[in-house]
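Enquirer: This is run-v7.pdb (PDB, C-alpha atoms, pLDDT in the B column).
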```
ATOM      1  CA  MET A 252     178.479  49.125 -44.486  1.00 84.00           C
ATOM      2  CA  ARG A 253     181.217  50.254 -46.805  1.00 83.00           C
ATOM      3  CA  ALA A 254     179.360  53.544 -47.256  1.00 87.00           C
ATOM      4  CA  ALA A 255     179.030  53.930 -43.473  1.00 87.00           C
ATOM      5  CA  LYS A 256     182.753  53.347 -43.058  1.00 88.00           C
ATOM      6  CA  ALA A 257     183.599  55.830 -45.791  1.00 87.00           C
ATOM      7  CA  ALA A 258     181.391  58.441 -44.125  1.00 87.00           C
ATOM      8  CA  GLY A 259     183.290  58.102 -40.866  1.00 86.00           C
ATOM      9  CA  PHE A 260     180.969  55.964 -38.788  1.00 89.00           C
ATOM     10  CA  SER A 261     182.459  53.316 -36.520  1.00 89.00           C
ATOM     11  CA  ALA A 262     179.403  51.144 -35.979  1.00 94.00           C
ATOM     12  CA  VAL A 263     176.164  50.222 -37.703  1.00 95.00           C
ATOM     13  CA  GLU A 264     172.742  48.879 -36.807  1.00 96.00           C
ATOM     14  CA  CYS A 265     170.040  47.405 -38.998  1.00 94.00           C
ATOM     15  CA  HIS A 266     166.320  46.769 -38.994  1.00 95.00           C
ATOM     16  CA  PHE A 267     165.585  43.513 -40.781  1.00 96.00           C
ATOM     17  CA  PRO A 268     168.692  41.999 -42.410  1.00 96.00           C
ATOM     18  CA  TYR A 269     167.279  38.489 -42.703  1.00 97.00           C
ATOM     19  CA  SER A 270     167.240  38.256 -46.504  1.00 96.00           C
ATOM     20  CA  THR A 271     171.046  38.548 -46.470  1.00 97.00           C
ATOM     21  CA  PRO A 272     172.992  35.472 -45.335  1.00 97.00           C
ATOM     22  CA  PRO A 273     174.713  36.138 -41.982  1.00 97.00           C
ATOM     23  CA  ALA A 274     178.066  35.155 -43.459  1.00 97.00           C
ATOM     24  CA  GLU A 275     177.863  38.073 -45.901  1.00 96.00           C
ATOM     25  CA  ILE A 276     177.142  40.536 -43.107  1.00 96.00           C
ATOM     26  CA  SER A 277     179.968  39.121 -41.015  1.00 96.00           C
ATOM     27  CA  ALA A 278     182.393  39.398 -43.921  1.00 96.00           C
ATOM     28  CA  ALA A 279     181.436  43.039 -44.526  1.00 95.00           C
ATOM     29  CA  LEU A 280     181.874  43.822 -40.827  1.00 95.00           C
ATOM     30  CA  ARG A 281     185.332  42.271 -40.821  1.00 95.00           C
ATOM     31  CA  GLU A 282     186.309  44.129 -43.985  1.00 95.00           C
ATOM     32  CA  THR A 283     185.177  47.515 -42.664  1.00 95.00           C
ATOM     33  CA  GLU A 284     186.110  46.878 -39.024  1.00 95.00           C
ATOM     34  CA  LEU A 285     182.674  48.136 -37.989  1.00 95.00           C
ATOM     35  CA  SER A 286     180.707  46.720 -35.094  1.00 94.00           C
ATOM     36  CA  MET A 287     177.052  45.707 -35.440  1.00 96.00           C
ATOM     37  CA  LEU A 288     175.041  47.228 -32.611  1.00 96.00           C
ATOM     38  CA  GLY A 289     171.768  45.444 -33.140  1.00 97.00           C
ATOM     39  CA  LEU A 290     168.781  44.411 -35.205  1.00 98.00           C
ATOM     40  CA  ASN A 291     165.002  44.157 -34.828  1.00 98.00           C
ATOM     41  CA  THR A 292     162.691  41.209 -34.608  1.00 98.00           C
ATOM     42  CA  VAL A 293     160.535  40.954 -37.721  1.00 98.00           C
ATOM     43  CA  PRO A 294     157.372  43.092 -37.469  1.00 97.00           C
ATOM     44  CA  GLY A 295     154.943  40.419 -38.700  1.00 96.00           C
ATOM     45  CA  ASP A 296     152.548  41.016 -41.583  1.00 96.00           C
ATOM     46  CA  VAL A 297     152.936  44.740 -42.212  1.00 95.00           C
ATOM     47  CA  LEU A 298     150.277  44.732 -44.942  1.00 95.00           C
ATOM     48  CA  ALA A 299     147.815  43.362 -42.379  1.00 95.00           C
ATOM     49  CA  GLY A 300     148.752  46.090 -39.908  1.00 95.00           C
ATOM     50  CA  ASP A 301     151.386  44.351 -37.791  1.00 97.00           C
ATOM     51  CA  PHE A 302     154.197  46.411 -36.317  1.00 98.00           C
ATOM     52  CA  GLY A 303     155.685  43.846 -33.999  1.00 98.00           C
ATOM     53  CA  LEU A 304     154.276  40.808 -32.237  1.00 98.00           C
ATOM     54  CA  ALA A 305     155.571  40.505 -28.685  1.00 98.00           C
ATOM     55  CA  ALA A 306     152.611  42.156 -26.922  1.00 98.00           C
ATOM     56  CA  VAL A 307     149.865  40.867 -29.221  1.00 98.00           C
ATOM     57  CA  PRO A 308     147.637  38.256 -27.529  1.00 98.00           C
ATOM     58  CA  GLY A 309     147.162  35.155 -29.637  1.00 97.00           C
ATOM     59  CA  ARG A 310     150.417  35.686 -31.553  1.00 97.00           C
ATOM     60  CA  GLU A 311     152.719  34.206 -28.919  1.00 97.00           C
ATOM     61  CA  GLN A 312     154.210  31.513 -31.155  1.00 98.00           C
ATOM     62  CA  ASP A 313     154.808  33.985 -33.970  1.00 98.00           C
ATOM     63  CA  ALA A 314     156.487  36.338 -31.500  1.00 98.00           C
ATOM     64  CA  ARG A 315     158.760  33.632 -30.136  1.00 98.00           C
ATOM     65  CA  ASP A 316     159.660  32.407 -33.598  1.00 98.00           C
ATOM     66  CA  ALA A 317     160.663  35.989 -34.430  1.00 98.00           C
ATOM     67  CA  ILE A 318     162.721  36.223 -31.241  1.00 98.00           C
ATOM     68  CA  ASP A 319     164.490  32.928 -31.943  1.00 98.00           C
ATOM     69  CA  MET A 320     165.309  34.035 -35.490  1.00 98.00           C
ATOM     70  CA  ALA A 321     166.641  37.420 -34.357  1.00 98.00           C
ATOM     71  CA  VAL A 322     168.817  35.950 -31.624  1.00 98.00           C
ATOM     72  CA  ARG A 323     170.262  33.307 -33.958  1.00 98.00           C
ATOM     73  CA  TYR A 324     170.994  35.895 -36.627  1.00 98.00           C
ATOM     74  CA  GLY A 325     172.338  38.414 -34.129  1.00 98.00           C
ATOM     75  CA  ALA A 326     174.678  35.872 -32.586  1.00 98.00           C
ATOM     76  CA  ALA A 327     175.910  34.805 -36.024  1.00 97.00           C
ATOM     77  CA  ILE A 328     176.904  38.357 -36.996  1.00 97.00           C
ATOM     78  CA  GLY A 329     178.218  39.425 -33.584  1.00 96.00           C
ATOM     79  CA  ALA A 330     175.460  41.935 -32.834  1.00 97.00           C
ATOM     80  CA  GLY A 331     175.131  43.312 -29.338  1.00 96.00           C
ATOM     81  CA  ASN A 332     171.372  43.818 -29.087  1.00 98.00           C
ATOM     82  CA  VAL A 333     168.009  42.600 -30.334  1.00 98.00           C
ATOM     83  CA  HIS A 334     165.125  45.052 -30.308  1.00 98.00           C
ATOM     84  CA  VAL A 335     161.945  43.073 -29.624  1.00 98.00           C
ATOM     85  CA  MET A 336     159.099  44.905 -31.339  1.00 98.00           C
ATOM     86  CA  ALA A 337     155.995  45.038 -29.151  1.00 98.00           C
ATOM     87  CA  GLY A 338     153.304  45.645 -31.758  1.00 98.00           C
ATOM     88  CA  LYS A 339     149.962  47.420 -31.724  1.00 98.00           C
ATOM     89  CA  THR A 340     147.530  46.528 -28.923  1.00 98.00           C
ATOM     90  CA  ASP A 341     144.607  47.868 -26.918  1.00 97.00           C
ATOM     91  CA  ALA A 342     147.050  48.469 -24.024  1.00 95.00           C
ATOM     92  CA  GLY A 343     144.964  46.152 -21.862  1.00 96.00           C
ATOM     93  CA  ALA A 344     145.970  43.683 -19.173  1.00 97.00           C
ATOM     94  CA  GLN A 345     146.121  40.714 -21.547  1.00 98.00           C
ATOM     95  CA  ALA A 346     148.498  42.527 -23.858  1.00 98.00           C
ATOM     96  CA  ASP A 347     150.684  43.488 -20.911  1.00 98.00           C
ATOM     97  CA  THR A 348     150.781  39.903 -19.646  1.00 98.00           C
ATOM     98  CA  THR A 349     151.652  38.645 -23.132  1.00 98.00           C
ATOM     99  CA  TYR A 350     154.414  41.218 -23.486  1.00 98.00           C
ATOM    100  CA  ARG A 351     155.985  40.406 -20.134  1.00 98.00           C
ATOM    101  CA  ALA A 352     155.999  36.680 -20.846  1.00 98.00           C
ATOM    102  CA  ASN A 353     157.545  37.154 -24.277  1.00 98.00           C
ATOM    103  CA  LEU A 354     160.190  39.528 -22.953  1.00 98.00           C
ATOM    104  CA  LYS A 355     161.186  36.998 -20.308  1.00 98.00           C
ATOM    105  CA  TYR A 356     161.427  34.376 -23.028  1.00 98.00           C
ATOM    106  CA  ALA A 357     163.502  36.739 -25.183  1.00 98.00           C
ATOM    107  CA  CYS A 358     165.900  37.578 -22.366  1.00 98.00           C
ATOM    108  CA  ASP A 359     166.383  33.910 -21.494  1.00 98.00           C
ATOM    109  CA  VAL A 360     167.132  33.003 -25.113  1.00 98.00           C
ATOM    110  CA  ALA A 361     169.360  36.034 -25.659  1.00 98.00           C
ATOM    111  CA  ALA A 362     171.348  35.375 -22.498  1.00 98.00           C
ATOM    112  CA  THR A 363     172.590  32.075 -23.902  1.00 96.00           C
ATOM    113  CA  ALA A 364     174.033  34.011 -26.857  1.00 96.00           C
ATOM    114  CA  GLY A 365     175.408  36.934 -24.823  1.00 96.00           C
ATOM    115  CA  LEU A 366     172.929  39.423 -26.288  1.00 98.00           C
ATOM    116  CA  ASN A 367     170.861  42.176 -24.713  1.00 98.00           C
ATOM    117  CA  ILE A 368     167.169  42.702 -25.401  1.00 98.00           C
ATOM    118  CA  LEU A 369     165.986  46.262 -26.079  1.00 98.00           C
ATOM    119  CA  ILE A 370     162.476  47.681 -25.831  1.00 98.00           C
ATOM    120  CA  GLU A 371     161.590  50.989 -27.458  1.00 98.00           C
ATOM    121  CA  PRO A 372     158.727  53.417 -26.814  1.00 98.00           C
ATOM    122  CA  ILE A 373     157.371  54.490 -30.218  1.00 98.00           C
ATOM    123  CA  ASN A 374     155.222  57.563 -30.752  1.00 98.00           C
ATOM    124  CA  HIS A 375     151.514  57.268 -31.533  1.00 97.00           C
ATOM    125  CA  ARG A 376     151.661  59.822 -34.336  1.00 97.00           C
ATOM    126  CA  ASP A 377     153.698  57.488 -36.526  1.00 97.00           C
ATOM    127  CA  VAL A 378     152.408  54.192 -35.130  1.00 98.00           C
ATOM    128  CA  PRO A 379     148.963  54.596 -33.531  1.00 97.00           C
ATOM    129  CA  GLY A 380     148.317  51.971 -30.904  1.00 97.00           C
ATOM    130  CA  TYR A 381     151.916  50.875 -30.370  1.00 98.00           C
ATOM    131  CA  HIS A 382     151.983  49.054 -27.044  1.00 98.00           C
ATOM    132  CA  ILE A 383     154.584  51.262 -25.345  1.00 98.00           C
ATOM    133  CA  SER A 384     154.876  54.928 -26.207  1.00 98.00           C
ATOM    134  CA  ARG A 385     156.349  56.552 -23.090  1.00 98.00           C
ATOM    135  CA  VAL A 386     159.767  56.166 -21.522  1.00 98.00           C
ATOM    136  CA  GLU A 387     158.344  55.630 -18.055  1.00 98.00           C
ATOM    137  CA  GLN A 388     156.285  52.667 -19.266  1.00 97.00           C
ATOM    138  CA  ALA A 389     159.412  50.954 -20.510  1.00 98.00           C
ATOM    139  CA  ALA A 390     161.503  51.857 -17.457  1.00 98.00           C
ATOM    140  CA  ASP A 391     158.830  50.602 -15.065  1.00 98.00           C
ATOM    141  CA  LEU A 392     158.575  47.343 -16.987  1.00 98.00           C
ATOM    142  CA  ILE A 393     162.339  46.859 -16.950  1.00 98.00           C
ATOM    143  CA  GLY A 394     162.352  47.446 -13.201  1.00 98.00           C
ATOM    144  CA  ALA A 395     159.467  45.066 -12.601  1.00 98.00           C
ATOM    145  CA  LEU A 396     160.911  42.220 -14.674  1.00 98.00           C
ATOM    146  CA  ALA A 397     164.419  42.696 -13.224  1.00 98.00           C
ATOM    147  CA  LEU A 398     166.077  40.822 -16.086  1.00 98.00           C
ATOM    148  CA  PRO A 399     169.792  41.659 -16.332  1.00 97.00           C
ATOM    149  CA  ASN A 400     169.879  41.816 -20.138  1.00 98.00           C
ATOM    150  CA  LEU A 401     166.685  43.843 -20.653  1.00 98.00           C
ATOM    151  CA  ARG A 402     167.426  47.474 -21.528  1.00 98.00           C
ATOM    152  CA  LEU A 403     165.716  50.607 -22.838  1.00 98.00           C
ATOM    153  CA  MET A 404     166.260  51.936 -26.344  1.00 98.00           C
ATOM    154  CA  PHE A 405     165.800  55.687 -25.890  1.00 98.00           C
ATOM    155  CA  ASP A 406     164.835  57.142 -29.251  1.00 98.00           C
ATOM    156  CA  CYS A 407     164.961  60.915 -28.909  1.00 98.00           C
ATOM    157  CA  TYR A 408     162.677  61.433 -31.912  1.00 98.00           C
ATOM    158  CA  HIS A 409     159.846  59.331 -30.495  1.00 98.00           C
ATOM    159  CA  THR A 410     160.261  60.695 -26.982  1.00 98.00           C
ATOM    160  CA  GLN A 411     160.294  64.327 -28.067  1.00 98.00           C
ATOM    161  CA  ILE A 412     157.008  63.825 -29.934  1.00 98.00           C
ATOM    162  CA  MET A 413     155.281  62.030 -27.058  1.00 98.00           C
ATOM    163  CA  GLN A 414     156.795  63.721 -24.007  1.00 97.00           C
ATOM    164  CA  GLY A 415     159.663  66.160 -24.543  1.00 95.00           C
ATOM    165  CA  ASP A 416     161.966  67.092 -21.644  1.00 97.00           C
ATOM    166  CA  LEU A 417     164.662  64.901 -23.173  1.00 98.00           C
ATOM    167  CA  THR A 418     167.599  65.875 -20.992  1.00 98.00           C
ATOM    168  CA  GLU A 419     165.787  65.204 -17.733  1.00 98.00           C
ATOM    169  CA  ARG A 420     164.268  61.945 -18.978  1.00 98.00           C
ATOM    170  CA  LEU A 421     167.658  60.725 -20.148  1.00 98.00           C
ATOM    171  CA  ARG A 422     169.197  61.625 -16.799  1.00 98.00           C
ATOM    172  CA  ARG A 423     166.395  59.992 -14.827  1.00 97.00           C
ATOM    173  CA  HIS A 424     166.545  56.713 -16.728  1.00 98.00           C
ATOM    174  CA  MET A 425     170.216  56.486 -17.672  1.00 98.00           C
ATOM    175  CA  ASP A 426     170.696  53.402 -15.489  1.00 97.00           C
ATOM    176  CA  VAL A 427     168.398  51.314 -17.725  1.00 98.00           C
ATOM    177  CA  ILE A 428     169.343  52.766 -21.138  1.00 98.00           C
ATOM    178  CA  GLY A 429     171.073  50.352 -23.476  1.00 97.00           C
ATOM    179  CA  HIS A 430     171.052  52.410 -26.664  1.00 97.00           C
ATOM    180  CA  ILE A 431     170.179  55.949 -27.808  1.00 98.00           C
ATOM    181  CA  GLN A 432     168.967  57.053 -31.233  1.00 97.00           C
ATOM    182  CA  ILE A 433     168.518  60.501 -32.780  1.00 97.00           C
ATOM    183  CA  ALA A 434     166.639  62.134 -35.664  1.00 97.00           C
ATOM    184  CA  ALA A 435     165.220  65.578 -36.336  1.00 97.00           C
ATOM    185  CA  VAL A 436     161.776  66.415 -34.981  1.00 98.00           C
ATOM    186  CA  PRO A 437     159.226  66.628 -36.497  1.00 97.00           C
ATOM    187  CA  ASP A 438     160.365  65.448 -39.952  1.00 96.00           C
ATOM    188  CA  ARG A 439     162.683  62.599 -38.868  1.00 97.00           C
ATOM    189  CA  GLY A 440     165.355  63.919 -41.188  1.00 96.00           C
ATOM    190  CA  GLU A 441     169.033  64.511 -40.502  1.00 95.00           C
ATOM    191  CA  PRO A 442     169.629  65.606 -36.887  1.00 95.00           C
ATOM    192  CA  ASP A 443     170.651  69.148 -37.831  1.00 93.00           C
ATOM    193  CA  ASP A 444     167.308  70.962 -37.809  1.00 93.00           C
ATOM    194  CA  GLY A 445     163.988  71.061 -36.014  1.00 95.00           C
ATOM    195  CA  GLU A 446     163.013  71.173 -32.352  1.00 96.00           C
ATOM    196  CA  VAL A 447     166.051  69.466 -30.803  1.00 97.00           C
ATOM    197  CA  HIS A 448     169.594  70.877 -30.820  1.00 95.00           C
ATOM    198  CA  TYR A 449     171.433  67.585 -30.792  1.00 96.00           C
ATOM    199  CA  PRO A 450     175.023  68.806 -30.278  1.00 94.00           C
ATOM    200  CA  ASN A 451     173.940  70.243 -26.922  1.00 95.00           C
ATOM    201  CA  LEU A 452     171.891  67.172 -26.033  1.00 97.00           C
ATOM    202  CA  ILE A 453     174.706  64.768 -26.916  1.00 95.00           C
ATOM    203  CA  ALA A 454     177.151  66.815 -24.872  1.00 95.00           C
ATOM    204  CA  ALA A 455     174.750  66.461 -21.934  1.00 96.00           C
ATOM    205  CA  ILE A 456     174.463  62.723 -22.543  1.00 97.00           C
ATOM    206  CA  ARG A 457     178.244  62.381 -22.416  1.00 95.00           C
ATOM    207  CA  GLU A 458     178.331  64.401 -19.205  1.00 96.00           C
ATOM    208  CA  MET A 459     175.849  61.915 -17.743  1.00 96.00           C
ATOM    209  CA  GLY A 460     178.431  59.194 -18.312  1.00 95.00           C
ATOM    210  CA  PHE A 461     176.934  57.464 -21.356  1.00 96.00           C
ATOM    211  CA  THR A 462     179.892  56.385 -23.489  1.00 92.00           C
ATOM    212  CA  GLY A 463     178.147  54.070 -25.924  1.00 93.00           C
ATOM    213  CA  PRO A 464     177.437  54.762 -29.580  1.00 93.00           C
ATOM    214  CA  ILE A 465     174.492  56.983 -30.493  1.00 95.00           C
ATOM    215  CA  GLY A 466     172.501  55.786 -33.481  1.00 95.00           C
ATOM    216  CA  ALA A 467     171.522  58.132 -36.290  1.00 94.00           C
ATOM    217  CA  GLU A 468     168.193  56.599 -37.302  1.00 95.00           C
ATOM    218  CA  TYR A 469     166.654  59.084 -39.697  1.00 95.00           C
ATOM    219  CA  LYS A 470     165.113  59.444 -43.148  1.00 95.00           C
ATOM    220  CA  PRO A 471     167.399  61.477 -45.447  1.00 93.00           C
ATOM    221  CA  ARG A 472     165.792  64.626 -46.818  1.00 93.00           C
ATOM    222  CA  GLY A 473     167.738  64.418 -50.069  1.00 89.00           C
ATOM    223  CA  ARG A 474     167.969  61.796 -52.763  1.00 85.00           C
ATOM    224  CA  THR A 475     170.846  59.981 -51.057  1.00 86.00           C
ATOM    225  CA  THR A 476     172.161  59.576 -47.526  1.00 86.00           C
ATOM    226  CA  GLU A 477     175.544  60.966 -48.584  1.00 87.00           C
ATOM    227  CA  GLU A 478     174.007  64.319 -49.589  1.00 87.00           C
ATOM    228  CA  GLY A 479     172.922  64.988 -46.015  1.00 88.00           C
ATOM    229  CA  LEU A 480     175.985  63.899 -44.038  1.00 89.00           C
ATOM    230  CA  GLY A 481     177.210  67.437 -43.416  1.00 87.00           C
ATOM    231  CA  TRP A 482     175.588  67.273 -39.989  1.00 88.00           C
ATOM    232  CA  LEU A 483     178.390  64.977 -38.798  1.00 85.00           C
ATOM    233  CA  SER A 484     180.906  67.818 -38.569  1.00 78.00           C
ATOM    234  CA  ALA A 485     178.948  69.405 -35.717  1.00 69.00           C
ATOM    235  CA  TYR A 486     179.369  66.242 -33.666  1.00 70.00           C
ATOM    236  CA  ASP A 487     183.107  65.733 -33.990  1.00 63.00           C
ATOM    237  CA  GLU A 488     183.970  67.409 -30.714  1.00 58.00           C
ATOM    238  CA  VAL A 489     181.218  65.921 -28.546  1.00 56.00           C
ATOM    239  CA  ASN A 490     181.878  62.452 -29.990  1.00 56.00           C
ATOM    240  CA  ALA A 491     185.653  62.661 -29.677  1.00 52.00           C
ATOM    241  CA  GLN A 492     185.669  60.123 -26.844  1.00 47.00           C
ATOM    242  CA  SER A 493     182.991  57.792 -28.210  1.00 50.00           C
ATOM    243  CA  PRO A 494     181.918  56.500 -31.627  1.00 48.00           C
ATOM    244  CA  SER A 495     178.991  57.590 -33.759  1.00 53.00           C
ATOM    245  CA  THR A 496     176.745  55.087 -35.480  1.00 53.00           C
ATOM    246  CA  ALA A 497     174.843  54.724 -38.712  1.00 52.00           C
ATOM    247  CA  ALA A 498     171.546  52.991 -39.373  1.00 48.00           C
ATOM    248  CA  ALA A 499     172.074  50.490 -42.166  1.00 42.00           C
TER     249      ALA A 499
END
```
Once more with this new file: its structure as C-alpha cells, please.

Expert:
Amino acid sequence: MRAAKAAGFSAVECHFPYSTPPAEISAALRETELSMLGLNTVPGDVLAGDFGLAAVPGREQDARDAIDMAVRYGAAIGAGNVHVMAGKTDAGAQADTTYRANLKYACDVAATAGLNILIEPINHRDVPGYHISRVEQAADLIGALALPNLRLMFDCYHTQIMQGDLTERLRRHMDVIGHIQIAAVPDRGEPDDGEVHYPNLIAAIREMGFTGPIGAEYKPRGRTTEEGLGWLSAYDEVNAQSPSTAAA
C-alpha cells in the first residue's frame, strides 16, 4: 500500500489478503489514506483445479464459508466490495441453480455489513470452464436475481478476449457495473500496449457517467511494478475528476 501511495494511486484492491491480520491492513490504509475497493473469496484448492466455489454443485458449504470469511474480513478493513468467485463448471442447470442460491446468500450476508457483491466474467483462454465468461451472462443474472447489492465487475481484459466491442458493452451495461478493471490484451501487462487504447476507452467511460475508480489489474512486464508505471502519465487528464486504483 505504501508503494501504491508513492506511485500516485488513491485506492487499492486485493485478491486474497487473509494471511495478513485485518488490523494490519486497516493500519496501512489509515497511514496512506487509501481506500480499499474490494477483495475476492478464496478460490478453493487451486492445486486440485479449483478457481472459485460459488457455482460448483456439492461445494455449497465450502462456498458459503468462503463468503462468510470474505465479508467478515472486508467489513473489518472497510472494503467496499467482495468478488464472489464462481469456479469452473459444466455450465449446466445444476451449476446455475447452485450459483444463484450462493449469490443470494452472499448478498444477504454482505448487506448486513454494507458491502456489495461483485461477479466477474472470466475468459476461457486463461481459465477454461469458468462458469461465467460473457458480460451478458452476468448482466442477465443480476437482472433476474434483482438483489440491490449485486453488481458486475467489468474486466476489460477478459471481455476483450471473449467478446470485444468494449465501448458498446460498457455503455449497454453501465447501470449494473460496480467496478471496472484494465490490463493490456493479449499479454495482460501494463495497459499501455496491445489491442485496446485505454486512454480513449477511459475517456468514453467517464463520458458515460462512471465516476468510480478503475482498477489496474495486470502482470508487470518488468522485474518490478515500479519499472512499468510510466503508463500512468497518459491517464492524468482523463482521471482528473476521479481516482485511479492499484491492484495490491

Enquirer: Just say which residues the PyMOL selection byres ((chain A and resi 301) around 12) picks in this file, as a PyMOL selection string.

Expert: chain A and resi 293-300+302-307+310+313-314+336-340+378-382

Enquirer: Written as a VMD selection string, what is the full residue list that the PyMOL selection byres ((chain A and resi 348-360) around 6) yields on the file shown?

Expert: chain A and resid 305 to 306 308 345 to 347 361 to 363

Enquirer: Atom CA of Val427 of chain A and atom CA of Leu403 of chain A are how many Å apart?

Expert: 5.8 Å

Enquirer: Identify which of the residues A:Ile428, A:Ile465, A:Cys407, A:Ala327 lies closest to Val447 of chain A, counting all atoms listed in the file when measuring atom-to-atom distances.

Expert: A:Cys407

Enquirer: Which residues come within 10 Å of Met413 of chain A, counting all atoms listed in the file, excluding same-chain residues fewer than 4 positions away, as a list in words?

Expert: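 Listing them by chain and then by number gives Pro372, Ile373, Asn374, His375, Arg376, Ser384, Arg385, Val386, Cys407, Tyr408 and His409 of chain A.
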
Enquirer: Once the PyMOL selection byres ((chain A and resi 389) around 10) has been evaluated on this model, what residues remain selected, and can you format them as a list in words?

Expert: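 Those residues are Leu369, Ile370, Glu371, Pro372, Ile383, Ser384, Arg385, Val386, Glu387, Gln388, Ala390, Asp391, Leu392, Ile393, Gly394, Ala395, Arg402, Leu403, Met404, Phe405, His424 and Val427 of chain A.
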
Enquirer: Mind pulling up the distance from atom CA of Ala454 of chain A to atom CA of Leu401 of chain A?

Expert: 25.6 Å

Enquirer: May I ask for the distance between atom CA of Gly481 of chain A and atom CA of Leu280 of chain A, given in Å to one decimal place?

Expert: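 Atom CA of Gly481 of chain A sits 24.2 Å away from atom CA of Leu280 of chain A.
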
Enquirer: With 5 Å of padding per side, what axis-aligned box (centre and edge lengths, Å, one decimal) covers all the listed atoms of segment 412-428 of chain A? Give it as AutoDock Vina command-line options.

Expert:
```
--center_x 163.0 --center_y 59.2 --center_z -22.4 --size_x 25.4 --size_y 25.8 --size_z 25.1
```

Enquirer: For Ile431 of chain A, which residue out of A:Ile453, A:Ala330, A:Leu285, A:Ala344 is the nearest one, using all atoms listed in the file?

Expert: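 Of all the options, A:Ile453 lies closest to Ile431 of chain A.
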
Enquirer: Which residue gives the smallest distance to Asn291 of chain A among A:Gly325, A:Gly309, A:Pro471, A:Pro437, with only C-alpha atoms counted?

Expert: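 Checking each candidate against Asn291 of chain A, we get A:Gly325 as the closest.
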
Enquirer: Would you list the contacts of Tyr269 of chain A as a ChimeraX atom specification, taking every protein, DNA or RNA residue within 9 Å and counting all atoms listed in the file, but skipping same-chain residues closer than 4 positions in sequence?

Expert: /A:273,293,320-321,324

Enquirer: Would you export the selected residues with C-alpha atoms as a CSV table (one decimal), in the frame of the given file, please?

Expert:
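Wrote out19.csv, looks like this:
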```csv
chain,number,residue,atom,x,y,z
A,273,PRO,CA,174.7,36.1,-42.0
A,293,VAL,CA,160.5,41.0,-37.7
A,320,MET,CA,165.3,34.0,-35.5
A,321,ALA,CA,166.6,37.4,-34.4
A,324,TYR,CA,171.0,35.9,-36.6
```

Enquirer: Give me the residues within 9 Å of Met287 of chain A as a count of residues only, counting all atoms listed in the file and dropping any in the same chain fewer than 4 places off.

Expert: 11

Enquirer: Which neighbours of Thr475 of chain A fall inside 12 Å, counting all atoms listed in the file, when residues of the same chain fewer than 3 positions from it are skipped, and could you give them as a ChimeraX atom specification?

Expert: /A:254,440-441,470-472,478-480

Enquirer: May I have the selected residues written with C-alpha atoms, as a PDB file, keeping the file's coordinate frame?

Expert:
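The resulting out-v1.pdb:
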```
ATOM      1  CA  ALA A 254     179.360  53.544 -47.256  1.00 87.00           C
ATOM      2  CA  GLY A 440     165.355  63.919 -41.188  1.00 96.00           C
ATOM      3  CA  GLU A 441     169.033  64.511 -40.502  1.00 95.00           C
ATOM      4  CA  LYS A 470     165.113  59.444 -43.148  1.00 95.00           C
ATOM      5  CA  PRO A 471     167.399  61.477 -45.447  1.00 93.00           C
ATOM      6  CA  ARG A 472     165.792  64.626 -46.818  1.00 93.00           C
ATOM      7  CA  GLU A 478     174.007  64.319 -49.589  1.00 87.00           C
ATOM      8  CA  GLY A 479     172.922  64.988 -46.015  1.00 88.00           C
ATOM      9  CA  LEU A 480     175.985  63.899 -44.038  1.00 89.00           C
TER      10      LEU A 480
END
```
